[in-house]
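Participant: Attaching a single structure in structure tokens format; questions to follow.
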Amino acid sequence: MAELKKDSYEEDFNYPRFTEAMVKTHTILIPSMLPIHMALFESLLCQTGYKVEIMKNEGPDVVTEGLKYVHNDTCYPALLVIGQFIDNLNHRNDLDKVVLLITQTGGGCRASNYLHLLRKALKKAGYGYIPVVSLNTSNLEKDSGFKITLPLILNLSSAITYADELMYLRNKCQTYEINKGETKKLTDYWIKKISDQYAKGKGRKYKDIKKNIREMVKDFDNIPLDLSHKKPKVGIVGEIYIKYASLGNNHLEDFLVGQDAEVNVPGLYGFLLYSVYNTIYDYEIYGKNKKSAFFAKLILWFFRRREKIMIESMKNSKFTPMNYFSHTKDLSEGVLHHGTKMGEGWLLTAEMMELTEEGYENIICAQPFGCLPNHICGKGVMKKIKSIHKNANIVAIDYDPSATKVNQENRIKLMLAIARERIKDDEKAEL
């Protein structure tokens with residue numbers, strides 16, 4: 001028995017490594033999640049010296065491969081990400097020149113175990129020789145050729161700033177555009193423009209970001225919009241992967257736009273700021289590392305400067321800017337304590353409160369079936385939110401391999417029907 005334990009222990013640490021020598025020869029495969037963000041990340045990482053490919057393979061084979069190598073009780077995002085990796089590998093001819101990259105939160109969520117689930121699945125599928133890179137800020141693995149450096153973090157923050165702004169502006173325009181397809185064309189133009197700047201070593205400094213964001217807003221401000229009719233305004237919240245990834249939520253944003261609704265998806269900066277605040281709360285509430293809290297406050301200052309660029313850029317435009325996250329954070333008070341930080345924790349509650357306050361009273365809470373943190377901080381607070389915002393029209397949609405797209409869309413259509421009825425009632429009351 002002791003010998004078996006020793007072999008199992010050694011196996012956990014004898015996995016193939018991504019070394020610095022592989023940086024120039026191997027392609028890093030990254031799961032898709034946020035299309036605009038990932039496109040800019042890809043450009044930035046390639047300019048940094050890495051060979052990067054954002055996977056775009058979707059379809060039933062991804063789910064099938066996930067179910068084949070991951071237990072069906074495992075978190076749905078893990079099943080999809082691992083399924084996407086293996087499905088991609090099944091169709092490649094350069095298996096000896098690829099590396100897989102997966103993110104880890106380092107917290108109590110099952111996302112911290114994705115790395116080990118992936119390595120186990122790769123071994124079962126016959127790809128155990130392929131290295132896996134852990135992208136984390138929790139020092140979970142330190143032996144990778146993929147180095148998380150301060151310059152890389154600063155560069156990635158510029159991409160998040162651009163992408164959050166682009167996503168926000170796109171969602172403000174695409175449902176109301178008079179010339180169909182103009183919003184997408186302009187979004188693609190700006191992705192290419194920023195990517196070209198990255199390729200030349202530009203676009204990452206504070207002054208560059210400020211200049212580009214202002215020009216971006218001006219361009220979107222010139223898109224002709226038809227605002228003569230009120231349309232349902234829908235916010236999307238939930239577990240971070242299912243909230244953003246079209247593979248995980250069955251192209252939810254596209255479906256809502258197709259239903260003639262305006263969509264609002266809170267940006268990625270919200271999740272980053274939530275994570276930073278949690279480090280501060282770890283000290284203030286739980287008495288943990290004071291030094292970490294100090295550095296978190298420095299990071300908070302840095303993120304706030306980027307947040308300020310996005311918000312102030314819209315002041316003289318037709319767009320209503322997003323709120324500062326400090327305001328969003330405070331909205332959860334009285335509903336859910338800031339000590340509740342497992343998974344999306346109090347952020348999920350705060351974003352629902354913010355959306356209802358901003359007029360996006362129709363909210364879809366997208367969550368993997370069986371995701372305990374999201375069921376508690378999502379479903380668990382809906383009644384309280386509705387008691388505060390009487391018009392809140394919130395629906396929780398579960399996503400897993402057994403959930404059918406038809407049933408999900410029918411529930412969303414019911415929510416939209418209620419939203420349209422309220423618009424009619426409001427219009428009658430104005431007459």
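Numbering starts fresh at 1 for the residues of each chain in the structure tokens, the chains themselves are lettered A, B, ... in the order given, and ligands are numbered from 1 as they appear.
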Mind listing the alpha helix (DSSP H) residues of stretch 231-275 of chain A, per DSSP on the backbone, as a VMD selection string?
Facilitator: chain A and resid 240 to 244 246 to 249 252 to 258 268 to 275
Participant: Return as a Markdown table the residues of stretch 279-384 of chain A lying at most 10 Å from stretch 172-182 of chain A, together with the closest atom-to-atom pair for each and the distance in Å to one decimal, counting only C-alpha atoms, with rows in chain order and ascending residue number.
Facilitator:
| residue | atom | partner | partner_atom | distance |
| --- | --- | --- | --- | --- |
| A:Lys318 | CA | A:Lys172 | CA | 10.0 |
| A:Phe319 | CA | A:Lys172 | CA | 7.5 |
| A:Thr320 | CA | A:Lys172 | CA | 9.1 |
Participant: Go ahead and dump the residues you just picked, N, CA and C atoms, as a PDB file, in the first residue's frame.
Facilitator:
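selection09.pdb was written with the following content:
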ATOM      1  N   LYS A 318     -22.972  59.982 -26.773  1.00  0.00           N
ATOM      2  CA  LYS A 318     -24.373  59.597 -26.560  1.00  0.00           C
ATOM      3  C   LYS A 318     -24.489  58.368 -25.653  1.00  0.00           C
ATOM      4  N   PHE A 319     -23.341  57.841 -25.214  1.00  0.00           N
ATOM      5  CA  PHE A 319     -23.346  56.631 -24.402  1.00  0.00           C
ATOM      6  C   PHE A 319     -23.332  56.958 -22.909  1.00  0.00           C
ATOM      7  N   THR A 320     -24.109  56.189 -22.162  1.00  0.00           N
ATOM      8  CA  THR A 320     -24.068  56.291 -20.697  1.00  0.00           C
ATOM      9  C   THR A 320     -22.918  55.414 -20.208  1.00  0.00           C
TER      10      THR A 320
END
Participant: Within stretch 252-429 of chain A, find each residue whose DSSP state, derived from the backbone, is strand (DSSP E), and express the selection as a ChimeraX atom specification.
Facilitator: /A:262-264,362-368,393-399
Participant: Please report the interatomic distance between atom CA of A:Gly203 and atom CA of A:Tyr162 in Å with one decimal.
Facilitator: 9.8 Å
Participant: Could you check how far atom CA of A:Thr279 sits from atom CA of A:Lys205, in Å to one decimal?
Facilitator: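 It comes out at 26.5 Å.
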Participant: Would you mind telling me which residue in A:Ile364, A:Ile130, A:Ile397, A:Met322 lies nearest to A:Asp96 when using only C-alpha atoms?
Facilitator: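 With only C-alpha atoms as the atom set, the closest residue is A:Ile130.
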Participant: Please identify all polymer residues within 8 Å of A:Ile423, counting only C-alpha atoms, omitting same-chain residues fewer than 3 positions from it, and present them as a PyMOL selection string.
Facilitator: chain A and resi 230-232+419-420+426-427
Participant: Please save C-alpha atoms of the selected residues as a tab-separated table (two decimals), in the first residue's frame.
Facilitator:
chain	number	residue	atom	x	y	z
A	230	LYS	CA	-37.93	50.87	-26.52
A	231	LYS	CA	-36.45	47.39	-26.50
A	232	PRO	CA	-35.91	44.89	-23.70
A	419	ALA	CA	-40.16	42.52	-20.42
A	420	ARG	CA	-42.08	43.48	-23.58
A	426	ASP	CA	-45.15	51.91	-19.60
A	427	GLU	CA	-45.96	53.33	-23.03
Participant: Which residues come within 7 Å of stretch 373-388 of chain A, counting only C-alpha atoms, excluding same-chain residues fewer than 3 positions away, as an MDAnalysis selection string?
Facilitator: chainID A and resid 238:239 335 342:346 348:349 353 365 367 392 396
Participant: Quick one: write out the picked residues with C-alpha atoms as an mmCIF file, in the first residue's frame?
Facilitator:
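What follows is the written file out_4.cif:
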data_model
loop_
_atom_site.group_PDB
_atom_site.id
_atom_site.type_symbol
_atom_site.label_atom_id
_atom_site.label_comp_id
_atom_site.auth_asym_id
_atom_site.auth_seq_id
_atom_site.Cartn_x
_atom_site.Cartn_y
_atom_site.Cartn_z
ATOM 1 C CA GLY A 238 -23.043 34.322 -13.687
ATOM 2 C CA GLU A 239 -20.051 32.022 -13.410
ATOM 3 C CA VAL A 335 -27.781 41.757 0.483
ATOM 4 C CA MET A 342 -16.107 31.755 -3.082
ATOM 5 C CA GLY A 343 -16.419 31.575 -6.865
ATOM 6 C CA GLU A 344 -18.028 34.803 -8.094
ATOM 7 C CA GLY A 345 -19.296 35.431 -4.541
ATOM 8 C CA TRP A 346 -20.547 38.909 -3.744
ATOM 9 C CA LEU A 348 -22.561 38.155 -8.668
ATOM 10 C CA THR A 349 -24.944 39.875 -6.275
ATOM 11 C CA MET A 353 -27.984 45.062 -8.166
ATOM 12 C CA CYS A 365 -27.999 34.424 -14.302
ATOM 13 C CA GLN A 367 -24.518 29.167 -14.240
ATOM 14 C CA ALA A 392 -36.448 43.003 -11.338
ATOM 15 C CA ALA A 396 -31.494 31.533 -13.616
#
Participant: So, with only C-alpha atoms as the atoms that count, which of A:Glu165, A:Asp282, A:Glu354, A:Glu409 lies closest to A:Arg214?
Facilitator: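 So, comparing all the options, the nearest one is A:Glu165.
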Participant: Between A:Asn93, A:Asn113, A:Ser158, A:Ser292, which is the closest to A:Lys202 once you count only C-alpha atoms?
Facilitator: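 The answer is A:Ser158, which sits nearest to A:Lys202.
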Participant: How far is it from atom CA of A:Ala350 to atom CA of A:Ile236, in Å with one decimal?
Facilitator: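 Atom CA of A:Ile236 lies at a distance of 12.5 Å from atom CA of A:Ala350.
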